[in-house]
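Written below as structure tokens is the structure these notes are about.
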Amino acid sequence: MANRLIVSMSPHVHSNDTVERNMYGVVLALVPALLWSFYAYGVGALVVTLTSVCACIFFEWAITKFILKQESSTITDGSAILTGILLAFNLPSNLPVWIIVIGALVAIGIGKLTFGGLGCNPFNPALVGRVFLLISFPVQMTSWPIQGQHGLYLDAETAATPLALMKAAVKGDASSLSQLPSSWEMFIGADFGCVGEVSALALLLGLGYMLWKKIITWHIPVSILATVFVFTGIMHLVDPIVYASPVAHIFTGGIMLGAIFMATDYVTSPMSHKGMIVYGVAIGFLTVVIRLFGAYPEGMSFAILLMNAFTPLINTYCKPKRFGEVVKK
Amino acid sequence: MKTFRIGGVHPAENKLSASSAIEVLGLPKQAVYPLSQHIGAPAVACVAKGDVVKVGTKIADAGGFVSASIFSGVSGKVAKIDSIIDASGYRKPAIFIDVDGDEWEESIDRSEALVKECDLKPEEIVEKIKNAGVVGMGGACFPTHVKLCPPPGSKAECVIINAVECEPYLTADHRLMLEKPEEILVGVSLLMKAAKVEKGYIGIENNKPDAIKLMQEKATSYPGIEIIPLKVKYPQGGEKQLIDAVIGRQVPAPPAIPISVGAVVQNVGTAFAVYEAVMKNKPLFERIVTVTGKSVEKPSNFLTRMGTPISKLIDAAGGLPADTGKVIGGGPMMGKALVNTEVPICKGSSGVLIMNYKEARRGEARPCIRCAKCVNACPMGLEPFLLSTLTSFDEWERAEKEDIVSCIECGSCQFTCPSNRPLLDMIRLGKSTVMGIVRARSAK
């Protein structure tokens, strides 16, 4: 026989799913929030996002080529772009370019490539970058411009965010909760905060898309949001003047962005559904503890990074339900 | 719509030959019968070079209780007893018969008439099935009479017929149901009687609505038989998955077997073979084989005598396409890539799938991104990413603890992996190594 046959083990077909399909799928899911950020913060959001994405791609390329001396480039797999967008979404829209570039270097260089690149990093790279900046540049990282100043970037006027008002209430300012925007404003994103986190609506659209395309499962986002809602709800019932309502909590700050896009990062989250729920509940719990009782007004980033560290342990103890464990009817 | 509860994937169905009626394939010049074409001990040749055989003549005796006799599908003269590479890729002892004419054993009832009445006792039915060399026709080829003799302490409650055909491309069972529904139902009744149960279920996936409708119509005159339409999901044809889907019971981890939850599972092709064996005195020597593939000129379903080389089926379906990359015995999810096209059709050959060069190439493996899609896809609730890694680090003890031996090798994990990782290749290696370790330990 002239032509030779290929012999390999089964299966002989593949779903045609790829790393790219998943990475760019998440990027697409981020588009509504991206559009809202341009609408809310104008040129500032554009500069921050573009700088972050370009810097992340550049560092991924430069480090793999010149330091790791790898032949094939990994920048086309979409993971660096995703890290860039997520980092930008966690920054204020008036952050200077040089700080963003440092954040991107830490995210890609230390957060990701130090550990061996895609699939090997124990912590979410974008959050490593963000938390590094938060600790290094606390002033620049905690002043948020008011929405609607479309032409202004560095010199945009800033004000206290809903989260700062909530923190003030916890610290004893009895009038501060009454200054919060309405729940509806916080839901659609008319309040303010970091570039990509303000519109719960836009982020939820992204969640819907990712669930539809089966990029992620519901376990992590739902368990985080439910935990935050229940925990803050109990505190609100205990003392509504000191503790903001659960609705205000889940629609402000980084909870939506964190629950939907940061905590669900494939590499750093658990593998079994049971593990995902343990992880999600712990993130929700830690976030509320930091928000209500900690030094920082926002606790999402720290909560996710802490639970990233527990992911291997969760994977060891939370196993999927094996076939046959189910008791017969 | 019923289905199994854990995992599963949905590969493109590609049932290209679903509307091709069964055709009778002509006789080959030489037929080859490997002595080991079932699970269990190989059969022992009972003919010698130069012997003249007829269609239906026994040419090899069962080599033990878990084994099956082999019958000639052709008439002619035994040319030699030698060896041939079979679908598994291994060289195995085989009987070669030069075909001469088409003379059948006189005991076989060759009429088309449907025979429904049977006054045999259960033990006699089992004996007839055993004497006809009937094995599971779905691919695993487990001797049918063994499943009908439950081990002491277990009791069958129902017979479940696997008419799921969840493998993409294959249509042999589908066509059989459309063209021989009554024969199948009689076969199911016989299996129920042999297993001493009152209830029989036939599980059919919902992508065969014509077969479901026809079988439902015909089943009304067969008491105790119920047709269960099932949601299309792979690997529903897996024995454990099918039991879960149809009666909602999960077979516990080995050493438990289906009978532990009261189920006897048989393939629909087996039910038909049982009908022919018991009612027509016809041993198992022919079967329906699907020949298909995107580049195949005429995707077909052939009634094929066993021992026929696969090349003859491919020629009848329009010849081997020029861009052929891979020839698979069975379906694309669990079938075996063949080393050449002279491999003979055996009892478990449900199909021949021809893939073009492009389809046959695997994508490049990339780093695991820990997306957990393999965990979600695994129908046994295992963690394929972990089992594959443990295997690559020779961590056998841990792999055993993580239930690597429960893997049914369905390939759902590797099918779904966005990084194209060879998960099942590794798990197979790990599973066989761990099984070897377990055997060595229990032998001590």
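Chain identifiers are assigned as A, B, and so on, following the order in which chains appear in the structure tokens; residues are numbered from 1 within each chain, and ligands are numbered from 1 in order of appearance.
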How close does each residue of segment 31-148 of chain B get to segment 189-200 of chain B, giving the shortest atom pair and distance in Å to one decimal for every residue with an atom at most 9 Å away, counting only C-alpha atoms, sorted by chain and residue number, as a tab-separated table?
residue	atom	partner	partner_atom	distance
B:Cys118	CA	B:Leu190	CA	8.2
B:Lys121	CA	B:Ala194	CA	7.7
B:Pro122	CA	B:Ala194	CA	4.2
B:Glu123	CA	B:Ala194	CA	6.7
B:Glu124	CA	B:Ala194	CA	8.3
B:Ile125	CA	B:Ala194	CA	6.0
B:Val126	CA	B:Ala194	CA	6.2
B:Lys147	CA	B:Ala195	CA	8.7
B:Leu148	CA	B:Ala195	CA	5.5
Kindly save the residues from that selection, with N, CA and C atoms included, as a short mmCIF file (atom, residue, chain, number, x, y, z; two decimals), in the first residue's frame.
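And here's part.cif as it stands now:
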data_model
loop_
_atom_site.label_atom_id
_atom_site.label_comp_id
_atom_site.auth_asym_id
_atom_site.auth_seq_id
_atom_site.Cartn_x
_atom_site.Cartn_y
_atom_site.Cartn_z
N CYS B 118 -41.27 -19.54 21.68
CA CYS B 118 -40.11 -20.26 22.19
C CYS B 118 -40.50 -20.95 23.48
N LYS B 121 -36.44 -23.67 28.15
CA LYS B 121 -36.22 -23.22 29.52
C LYS B 121 -35.05 -22.21 29.53
N PRO B 122 -34.98 -21.35 30.56
CA PRO B 122 -33.89 -20.35 30.61
C PRO B 122 -32.52 -20.97 30.40
N GLU B 123 -32.26 -22.12 31.07
CA GLU B 123 -30.93 -22.73 30.97
C GLU B 123 -30.65 -23.18 29.54
N GLU B 124 -31.71 -23.62 28.86
CA GLU B 124 -31.52 -24.07 27.47
C GLU B 124 -31.20 -22.90 26.55
N ILE B 125 -31.84 -21.76 26.84
CA ILE B 125 -31.54 -20.56 26.03
C ILE B 125 -30.08 -20.18 26.21
N VAL B 126 -29.63 -20.15 27.47
CA VAL B 126 -28.24 -19.79 27.75
C VAL B 126 -27.31 -20.75 27.02
N LYS B 147 -22.66 -13.24 31.18
CA LYS B 147 -23.48 -12.21 31.81
C LYS B 147 -24.84 -12.77 32.25
N LEU B 148 -25.29 -13.85 31.58
CA LEU B 148 -26.60 -14.40 31.91
C LEU B 148 -26.52 -15.41 33.05
#
Expected answer as a short mmCIF file (atom, residue, chain, number, x, y, z; two decimals) with C-alpha atoms, in the first residue's frame: chain A residues within 6 Å of chain B, only C-alpha atoms:
data_model
loop_
_atom_site.label_atom_id
_atom_site.label_comp_id
_atom_site.auth_asym_id
_atom_site.auth_seq_id
_atom_site.Cartn_x
_atom_site.Cartn_y
_atom_site.Cartn_z
CA LEU A 5 -1.51 5.20 7.87
CA ILE A 6 -1.27 7.25 11.02
CA VAL A 7 -1.63 5.08 14.10
CA SER A 10 -8.17 7.04 20.83
CA PRO A 11 -9.87 9.49 20.95
CA HIS A 12 -9.36 10.35 17.29
CA VAL A 13 -11.44 13.52 17.36
CA HIS A 14 -11.14 16.74 19.32
CA SER A 15 -13.59 19.39 20.40
CA ASP A 17 -11.51 24.05 21.84
CA THR A 18 -8.26 25.99 22.27
CA VAL A 19 -6.48 28.11 24.84
CA GLY A 119 -0.52 27.49 33.66
CA TYR A 266 -8.39 29.09 35.47
CA VAL A 267 -4.85 28.65 36.66
CA MET A 271 -10.52 22.14 39.86
CA PRO A 320 -15.26 15.57 42.51
CA LYS A 321 -18.02 13.14 43.38
CA ARG A 322 -16.84 9.81 42.02
CA PHE A 323 -19.25 7.70 39.96
CA GLY A 324 -20.88 5.13 42.23
CA LYS A 328 -28.92 3.95 44.64
#
For the structure I just gave you, how does DSSP split segment 233-299 of chain A - specifically, which residues are alpha helix (DSSP H)? Reply as a ChimeraX atom specification. /A:233-238,246-251,255-257,273-293
Got time to write the residues from that selection, N, CA, C and O atoms, as a short mmCIF file (atom, residue, chain, number, x, y, z; two decimals), in the first residue's frame?
data_model
loop_
_atom_site.label_atom_id
_atom_site.label_comp_id
_atom_site.auth_asym_id
_atom_site.auth_seq_id
_atom_site.Cartn_x
_atom_site.Cartn_y
_atom_site.Cartn_z
N GLY A 233 -25.60 41.12 54.72
CA GLY A 233 -27.01 41.24 55.07
C GLY A 233 -27.24 41.06 56.55
O GLY A 233 -27.99 41.82 57.19
N ILE A 234 -26.55 40.07 57.12
CA ILE A 234 -26.69 39.84 58.57
C ILE A 234 -26.18 41.06 59.33
O ILE A 234 -26.84 41.57 60.24
N MET A 235 -25.02 41.60 58.90
CA MET A 235 -24.45 42.76 59.59
C MET A 235 -25.37 43.98 59.46
O MET A 235 -25.53 44.76 60.40
N HIS A 236 -25.98 44.11 58.27
CA HIS A 236 -26.89 45.23 58.03
C HIS A 236 -28.10 45.13 58.95
O HIS A 236 -28.56 46.13 59.51
N LEU A 237 -28.61 43.92 59.15
CA LEU A 237 -29.75 43.73 60.05
C LEU A 237 -29.37 44.06 61.49
O LEU A 237 -30.17 44.61 62.24
N VAL A 238 -28.12 43.74 61.82
CA VAL A 238 -27.67 44.01 63.18
C VAL A 238 -27.64 45.52 63.43
O VAL A 238 -28.14 46.01 64.43
N PRO A 246 -26.65 44.89 51.96
CA PRO A 246 -25.95 43.90 51.13
C PRO A 246 -25.98 44.26 49.65
O PRO A 246 -25.03 43.99 48.92
N VAL A 247 -27.05 44.89 49.21
CA VAL A 247 -27.13 45.27 47.80
C VAL A 247 -26.03 46.28 47.48
O VAL A 247 -25.32 46.17 46.47
N ALA A 248 -25.88 47.28 48.37
CA ALA A 248 -24.81 48.27 48.16
C ALA A 248 -23.45 47.59 48.13
O ALA A 248 -22.59 47.91 47.30
N HIS A 249 -23.26 46.59 49.00
CA HIS A 249 -21.97 45.92 49.03
C HIS A 249 -21.66 45.18 47.74
O HIS A 249 -20.56 45.31 47.21
N ILE A 250 -22.61 44.41 47.25
CA ILE A 250 -22.22 43.61 46.06
C ILE A 250 -22.13 44.45 44.80
O ILE A 250 -21.47 44.06 43.85
N PHE A 251 -22.76 45.64 44.79
CA PHE A 251 -22.68 46.45 43.57
C PHE A 251 -21.54 47.47 43.60
O PHE A 251 -21.33 48.17 42.63
N ILE A 255 -16.17 43.77 43.94
CA ILE A 255 -16.78 42.45 44.18
C ILE A 255 -17.23 41.78 42.88
O ILE A 255 -16.91 40.62 42.63
N MET A 256 -17.97 42.52 42.05
CA MET A 256 -18.44 41.94 40.78
C MET A 256 -17.24 41.55 39.90
O MET A 256 -17.16 40.43 39.41
N LEU A 257 -16.34 42.51 39.71
CA LEU A 257 -15.17 42.25 38.85
C LEU A 257 -14.38 41.06 39.41
O LEU A 257 -13.99 40.16 38.68
N HIS A 273 -15.92 21.13 41.50
CA HIS A 273 -17.02 22.04 41.83
C HIS A 273 -17.10 22.27 43.34
O HIS A 273 -17.33 23.38 43.79
N LYS A 274 -16.89 21.20 44.08
CA LYS A 274 -16.90 21.32 45.53
C LYS A 274 -15.81 22.30 45.98
O LYS A 274 -16.06 23.21 46.78
N GLY A 275 -14.62 22.14 45.43
CA GLY A 275 -13.50 23.01 45.75
C GLY A 275 -13.79 24.45 45.37
O GLY A 275 -13.44 25.38 46.10
N MET A 276 -14.45 24.63 44.21
CA MET A 276 -14.76 25.99 43.76
C MET A 276 -15.69 26.68 44.75
O MET A 276 -15.58 27.88 45.01
N ILE A 277 -16.62 25.92 45.30
CA ILE A 277 -17.57 26.54 46.24
C ILE A 277 -16.86 26.87 47.56
O ILE A 277 -17.06 27.96 48.11
N VAL A 278 -16.01 25.98 48.03
CA VAL A 278 -15.24 26.28 49.25
C VAL A 278 -14.42 27.56 49.04
O VAL A 278 -14.42 28.48 49.87
N TYR A 279 -13.76 27.61 47.90
CA TYR A 279 -12.91 28.76 47.53
C TYR A 279 -13.76 30.04 47.44
O TYR A 279 -13.39 31.08 48.00
N GLY A 280 -14.91 29.94 46.79
CA GLY A 280 -15.76 31.12 46.62
C GLY A 280 -16.31 31.63 47.94
O GLY A 280 -16.29 32.83 48.21
N VAL A 281 -16.76 30.71 48.77
CA VAL A 281 -17.32 31.11 50.07
C VAL A 281 -16.21 31.78 50.90
O VAL A 281 -16.43 32.83 51.53
N ALA A 282 -15.00 31.20 50.88
CA ALA A 282 -13.90 31.77 51.66
C ALA A 282 -13.54 33.16 51.15
O ALA A 282 -13.29 34.08 51.94
N ILE A 283 -13.53 33.34 49.82
CA ILE A 283 -13.21 34.67 49.27
C ILE A 283 -14.27 35.68 49.71
O ILE A 283 -13.93 36.79 50.16
N GLY A 284 -15.53 35.30 49.60
CA GLY A 284 -16.60 36.21 49.99
C GLY A 284 -16.48 36.59 51.46
O GLY A 284 -16.56 37.77 51.83
N PHE A 285 -16.21 35.61 52.29
CA PHE A 285 -16.10 35.83 53.73
C PHE A 285 -14.93 36.77 54.04
O PHE A 285 -15.07 37.77 54.75
N LEU A 286 -13.75 36.47 53.47
CA LEU A 286 -12.56 37.29 53.73
C LEU A 286 -12.77 38.72 53.25
O LEU A 286 -12.36 39.67 53.91
N THR A 287 -13.41 38.86 52.08
CA THR A 287 -13.63 40.20 51.54
C THR A 287 -14.45 41.04 52.52
O THR A 287 -14.12 42.19 52.81
N VAL A 288 -15.53 40.46 53.04
CA VAL A 288 -16.39 41.21 53.94
C VAL A 288 -15.65 41.51 55.25
O VAL A 288 -15.75 42.62 55.79
N VAL A 289 -14.87 40.54 55.72
CA VAL A 289 -14.11 40.78 56.95
C VAL A 289 -13.18 41.98 56.76
O VAL A 289 -13.11 42.88 57.60
N ILE A 290 -12.48 42.01 55.61
CA ILE A 290 -11.55 43.13 55.37
C ILE A 290 -12.34 44.44 55.22
O ILE A 290 -11.97 45.46 55.78
N ARG A 291 -13.43 44.39 54.47
CA ARG A 291 -14.22 45.61 54.25
C ARG A 291 -14.75 46.17 55.56
O ARG A 291 -14.71 47.38 55.78
N LEU A 292 -15.26 45.30 56.41
CA LEU A 292 -15.94 45.79 57.61
C LEU A 292 -15.00 45.97 58.80
O LEU A 292 -15.19 46.84 59.62
N PHE A 293 -13.99 45.11 58.90
CA PHE A 293 -13.17 45.14 60.11
C PHE A 293 -11.69 45.40 59.84
O PHE A 293 -10.91 45.51 60.77
#
Show me, as a VMD selection string, the residues that have an atom within 12 Å of Leu133 of chain A when counting only C-alpha atoms, minus same-chain residues fewer than 2 positions from it. chain A and resid 87 to 88 90 to 92 95 to 96 98 to 107 126 to 131 135 to 142 301
Would you mind exporting the chosen residues as a JSON list (two decimals), in the first residue's frame, restricted to N, CA and C atoms?
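Result file is result10.json:
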[["chain", "number", "residue", "atom", "x", "y", "z"],
["A", 87, "LEU", "N", -5.66, 44.03, 34.79],
["A", 87, "LEU", "CA", -4.86, 44.93, 35.62],
["A", 87, "LEU", "C", -5.43, 46.35, 35.50],
["A", 88, "ALA", "N", -5.67, 46.79, 34.27],
["A", 88, "ALA", "CA", -6.20, 48.15, 34.04],
["A", 88, "ALA", "C", -7.54, 48.34, 34.75],
["A", 90, "ASN", "N", -8.47, 47.26, 37.41],
["A", 90, "ASN", "CA", -8.30, 47.38, 38.85],
["A", 90, "ASN", "C", -7.52, 48.63, 39.24],
["A", 91, "LEU", "N", -7.36, 49.57, 38.30],
["A", 91, "LEU", "CA", -6.59, 50.79, 38.59],
["A", 91, "LEU", "C", -7.50, 52.00, 38.45],
["A", 92, "PRO", "N", -7.19, 53.09, 39.17],
["A", 92, "PRO", "CA", -7.95, 54.33, 38.96],
["A", 92, "PRO", "C", -7.63, 54.91, 37.57],
["A", 95, "LEU", "N", -4.29, 57.23, 36.88],
["A", 95, "LEU", "CA", -2.98, 56.74, 37.32],
["A", 95, "LEU", "C", -1.93, 57.07, 36.25],
["A", 96, "PRO", "N", -0.77, 57.61, 36.63],
["A", 96, "PRO", "CA", 0.27, 57.95, 35.64],
["A", 96, "PRO", "C", 0.78, 56.72, 34.91],
["A", 98, "TRP", "N", 3.75, 55.74, 34.05],
["A", 98, "TRP", "CA", 4.93, 55.02, 34.56],
["A", 98, "TRP", "C", 4.56, 54.05, 35.68],
["A", 99, "ILE", "N", 3.54, 54.42, 36.47],
["A", 99, "ILE", "CA", 3.12, 53.49, 37.53],
["A", 99, "ILE", "C", 2.46, 52.26, 36.91],
["A", 100, "ILE", "N", 1.65, 52.50, 35.87],
["A", 100, "ILE", "CA", 0.99, 51.37, 35.21],
["A", 100, "ILE", "C", 2.03, 50.40, 34.64],
["A", 101, "VAL", "N", 3.08, 50.96, 34.03],
["A", 101, "VAL", "CA", 4.12, 50.11, 33.43],
["A", 101, "VAL", "C", 4.80, 49.27, 34.51],
["A", 102, "ILE", "N", 5.04, 49.86, 35.67],
["A", 102, "ILE", "CA", 5.62, 49.07, 36.77],
["A", 102, "ILE", "C", 4.66, 47.94, 37.16],
["A", 103, "GLY", "N", 3.38, 48.28, 37.24],
["A", 103, "GLY", "CA", 2.38, 47.27, 37.58],
["A", 103, "GLY", "C", 2.39, 46.12, 36.59],
["A", 104, "ALA", "N", 2.50, 46.46, 35.29],
["A", 104, "ALA", "CA", 2.50, 45.42, 34.25],
["A", 104, "ALA", "C", 3.75, 44.55, 34.37],
["A", 105, "LEU", "N", 4.88, 45.18, 34.67],
["A", 105, "LEU", "CA", 6.13, 44.41, 34.82],
["A", 105, "LEU", "C", 6.01, 43.42, 35.98],
["A", 106, "VAL", "N", 5.46, 43.89, 37.09],
["A", 106, "VAL", "CA", 5.31, 43.00, 38.25],
["A", 106, "VAL", "C", 4.32, 41.88, 37.91],
["A", 107, "ALA", "N", 3.20, 42.25, 37.27],
["A", 107, "ALA", "CA", 2.17, 41.25, 36.94],
["A", 107, "ALA", "C", 2.74, 40.15, 36.06],
["A", 126, "ALA", "N", -2.61, 39.57, 37.43],
["A", 126, "ALA", "CA", -3.13, 40.93, 37.44],
["A", 126, "ALA", "C", -3.26, 41.44, 38.88],
["A", 127, "LEU", "N", -3.66, 40.57, 39.77],
["A", 127, "LEU", "CA", -3.82, 40.99, 41.16],
["A", 127, "LEU", "C", -2.47, 41.17, 41.85],
["A", 128, "VAL", "N", -1.48, 40.36, 41.47],
["A", 128, "VAL", "CA", -0.14, 40.56, 42.01],
["A", 128, "VAL", "C", 0.32, 41.96, 41.65],
["A", 129, "GLY", "N", 0.11, 42.36, 40.38],
["A", 129, "GLY", "CA", 0.48, 43.70, 39.93],
["A", 129, "GLY", "C", -0.28, 44.77, 40.69],
["A", 130, "ARG", "N", -1.58, 44.58, 40.83],
["A", 130, "ARG", "CA", -2.40, 45.59, 41.48],
["A", 130, "ARG", "C", -2.02, 45.76, 42.95],
["A", 131, "VAL", "N", -1.87, 44.64, 43.65],
["A", 131, "VAL", "CA", -1.58, 44.74, 45.08],
["A", 131, "VAL", "C", -0.18, 45.33, 45.31],
["A", 135, "ILE", "N", 0.30, 48.78, 47.52],
["A", 135, "ILE", "CA", 1.17, 48.91, 48.69],
["A", 135, "ILE", "C", 2.28, 49.93, 48.42],
["A", 136, "SER", "N", 2.76, 49.99, 47.16],
["A", 136, "SER", "CA", 3.86, 50.89, 46.85],
["A", 136, "SER", "C", 3.42, 52.33, 46.64],
["A", 137, "PHE", "N", 2.25, 52.52, 46.04],
["A", 137, "PHE", "CA", 1.77, 53.87, 45.72],
["A", 137, "PHE", "C", 0.37, 54.08, 46.30],
["A", 138, "PRO", "N", 0.26, 54.05, 47.64],
["A", 138, "PRO", "CA", -1.08, 54.07, 48.24],
["A", 138, "PRO", "C", -1.87, 55.33, 47.91],
["A", 139, "VAL", "N", -1.22, 56.46, 47.76],
["A", 139, "VAL", "CA", -1.96, 57.70, 47.48],
["A", 139, "VAL", "C", -2.56, 57.68, 46.08],
["A", 140, "GLN", "N", -1.67, 57.42, 45.07],
["A", 140, "GLN", "CA", -2.15, 57.41, 43.69],
["A", 140, "GLN", "C", -3.19, 56.32, 43.46],
["A", 141, "MET", "N", -3.05, 55.22, 44.20],
["A", 141, "MET", "CA", -3.94, 54.07, 43.96],
["A", 141, "MET", "C", -5.29, 54.23, 44.65],
["A", 142, "THR", "N", -5.43, 55.22, 45.51],
["A", 142, "THR", "CA", -6.70, 55.33, 46.22],
["A", 142, "THR", "C", -7.37, 56.70, 46.03],
["A", 301, "SER", "N", -9.15, 41.99, 46.41],
["A", 301, "SER", "CA", -7.85, 41.55, 45.87],
["A", 301, "SER", "C", -7.12, 40.68, 46.87]]
Non-local contacts of Ala33 of chain A (7 Å; only C-alpha atoms; under 2 positions in same chain excluded) as a ChimeraX atom specification: /A:30-31,35-37,196,199,202-203
Those residues with C-alpha atoms, as a PDB file, in the first residue's frame please?
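Generated output (result33.pdb):
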ATOM      1  CA  LEU A  30     -14.971  42.157  29.228  1.00  0.00           C
ATOM      2  CA  VAL A  31     -16.066  44.363  26.322  1.00  0.00           C
ATOM      3  CA  LEU A  35     -17.210  50.324  26.854  1.00  0.00           C
ATOM      4  CA  TRP A  36     -18.782  51.531  30.076  1.00  0.00           C
ATOM      5  CA  SER A  37     -15.374  52.611  31.378  1.00  0.00           C
ATOM      6  CA  GLY A 196     -13.513  48.455  34.986  1.00  0.00           C
ATOM      7  CA  SER A 199     -20.815  48.810  36.270  1.00  0.00           C
ATOM      8  CA  ALA A 202     -21.803  45.363  32.281  1.00  0.00           C
ATOM      9  CA  LEU A 203     -19.863  42.781  34.290  1.00  0.00           C
TER      10      LEU A 203
END
Point out the residue among B:Val274, B:Met426, B:Ile354, B:Ile227 with the least atom-to-atom distance to Lys294 of chain B, counting only C-alpha atoms.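 Result for the nearest residue to Lys294 of chain B: B:Ile354.
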What are the DSSP strand (DSSP E) residues of segment 99-161 of chain A, as an MDAnalysis selection string? chainID A and resid 144:145 158:159
Could you name the residues that touch Gly56 of chain B at 9 Å or less, counting only C-alpha atoms, but leaving out those on the same chain fewer than 4 positions away, as an MDAnalysis selection string? chainID B and resid 71:75 104:105 108 282:285
Write out the residues from the selection above, keeping all heavy atoms, as a compact mmCIF listing (two decimals), in the first residue's frame.
# COMPACT_ATOMS: atom_id res chain seq x y z
N PHE B 71 -17.08 -19.49 14.69
CA PHE B 71 -17.69 -20.21 13.56
C PHE B 71 -17.24 -19.59 12.25
O PHE B 71 -17.05 -18.38 12.16
CB PHE B 71 -19.20 -20.16 13.68
CG PHE B 71 -19.70 -20.85 14.91
CD1 PHE B 71 -19.71 -20.23 16.15
CD2 PHE B 71 -20.13 -22.18 14.84
CE1 PHE B 71 -20.14 -20.88 17.29
CE2 PHE B 71 -20.57 -22.85 15.97
CZ PHE B 71 -20.57 -22.20 17.20
N SER B 72 -17.15 -20.42 11.25
CA SER B 72 -16.75 -19.92 9.94
C SER B 72 -17.91 -19.16 9.30
O SER B 72 -19.06 -19.58 9.38
CB SER B 72 -16.33 -21.08 9.04
OG SER B 72 -16.05 -20.58 7.75
N GLY B 73 -17.59 -18.07 8.66
CA GLY B 73 -18.60 -17.30 7.93
C GLY B 73 -18.58 -17.61 6.45
O GLY B 73 -19.34 -17.01 5.69
N VAL B 74 -17.70 -18.49 6.06
CA VAL B 74 -17.57 -18.82 4.64
C VAL B 74 -17.47 -20.33 4.50
O VAL B 74 -17.22 -21.05 5.47
CB VAL B 74 -16.30 -18.18 4.02
CG1 VAL B 74 -16.43 -16.67 4.01
CG2 VAL B 74 -15.05 -18.62 4.76
N SER B 75 -17.66 -20.82 3.25
CA SER B 75 -17.41 -22.24 3.02
C SER B 75 -16.14 -22.36 2.19
O SER B 75 -15.82 -21.48 1.39
CB SER B 75 -18.59 -22.88 2.30
OG SER B 75 -18.77 -22.30 1.04
N TRP B 104 -24.02 -23.62 3.16
CA TRP B 104 -24.31 -23.42 4.59
C TRP B 104 -24.56 -24.75 5.29
O TRP B 104 -24.99 -25.72 4.66
CB TRP B 104 -25.57 -22.54 4.74
CG TRP B 104 -25.36 -21.10 4.37
CD1 TRP B 104 -24.73 -20.62 3.26
CD2 TRP B 104 -25.81 -19.97 5.12
NE1 TRP B 104 -24.75 -19.25 3.27
CE2 TRP B 104 -25.40 -18.82 4.40
CE3 TRP B 104 -26.50 -19.81 6.32
CZ2 TRP B 104 -25.68 -17.52 4.85
CZ3 TRP B 104 -26.77 -18.53 6.75
CH2 TRP B 104 -26.36 -17.39 6.05
N GLU B 105 -24.32 -24.76 6.58
CA GLU B 105 -24.71 -25.92 7.41
C GLU B 105 -26.22 -26.09 7.31
O GLU B 105 -26.97 -25.11 7.35
CB GLU B 105 -24.33 -25.67 8.87
CG GLU B 105 -22.84 -25.70 9.17
CD GLU B 105 -22.29 -27.12 9.33
OE1 GLU B 105 -23.09 -28.08 9.30
OE2 GLU B 105 -21.07 -27.26 9.48
N ILE B 108 -29.05 -24.63 9.90
CA ILE B 108 -29.41 -23.21 9.98
C ILE B 108 -30.70 -22.95 9.21
O ILE B 108 -30.84 -23.36 8.06
CB ILE B 108 -28.28 -22.33 9.43
CG1 ILE B 108 -26.98 -22.57 10.19
CG2 ILE B 108 -28.68 -20.85 9.46
CD1 ILE B 108 -25.77 -21.93 9.58
N LYS B 282 -28.66 -20.23 14.15
CA LYS B 282 -27.58 -19.64 13.35
C LYS B 282 -26.50 -19.09 14.28
O LYS B 282 -26.73 -18.16 15.03
CB LYS B 282 -28.16 -18.52 12.51
CG LYS B 282 -27.18 -17.89 11.56
CD LYS B 282 -27.89 -16.80 10.74
CE LYS B 282 -26.89 -15.85 10.15
NZ LYS B 282 -27.55 -14.64 9.65
N PRO B 283 -25.31 -19.68 14.24
CA PRO B 283 -24.24 -19.16 15.09
C PRO B 283 -23.80 -17.78 14.62
O PRO B 283 -24.14 -17.33 13.54
CB PRO B 283 -23.13 -20.19 14.95
CG PRO B 283 -23.46 -21.00 13.76
CD PRO B 283 -24.89 -20.82 13.42
N LEU B 284 -23.01 -17.12 15.47
CA LEU B 284 -22.58 -15.75 15.16
C LEU B 284 -21.44 -15.80 14.14
O LEU B 284 -20.30 -16.11 14.47
CB LEU B 284 -22.12 -15.06 16.45
CG LEU B 284 -21.66 -13.61 16.29
CD1 LEU B 284 -22.75 -12.72 15.73
CD2 LEU B 284 -21.18 -13.06 17.63
N PHE B 285 -21.74 -15.49 12.88
CA PHE B 285 -20.67 -15.42 11.87
C PHE B 285 -20.85 -14.27 10.91
O PHE B 285 -20.12 -14.13 9.95
CB PHE B 285 -20.53 -16.75 11.12
CG PHE B 285 -21.78 -17.18 10.39
CD1 PHE B 285 -22.16 -16.54 9.22
CD2 PHE B 285 -22.55 -18.22 10.87
CE1 PHE B 285 -23.31 -16.94 8.56
CE2 PHE B 285 -23.70 -18.62 10.20
CZ PHE B 285 -24.08 -17.96 9.04
Smallest atom-to-atom distance to Ile260 of chain A: which of A:Val170, A:Ala29, A:Ala309, A:Met23, using only C-alpha atoms?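 Residue with the minimum atom-to-atom distance to Ile260 of chain A: A:Ala29.
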Neighbours of Leu214 of chain B within 10 Å (only C-alpha atoms; same-chain residues fewer than 2 positions away dropped), as a list in words?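 Contacts, in chain order: Met177, Leu178, Glu179, Pro181, Glu182, Pro209, Asp210, Ala211, Ile212, Gln216, Glu217, Lys218 and Ala219 of chain B.
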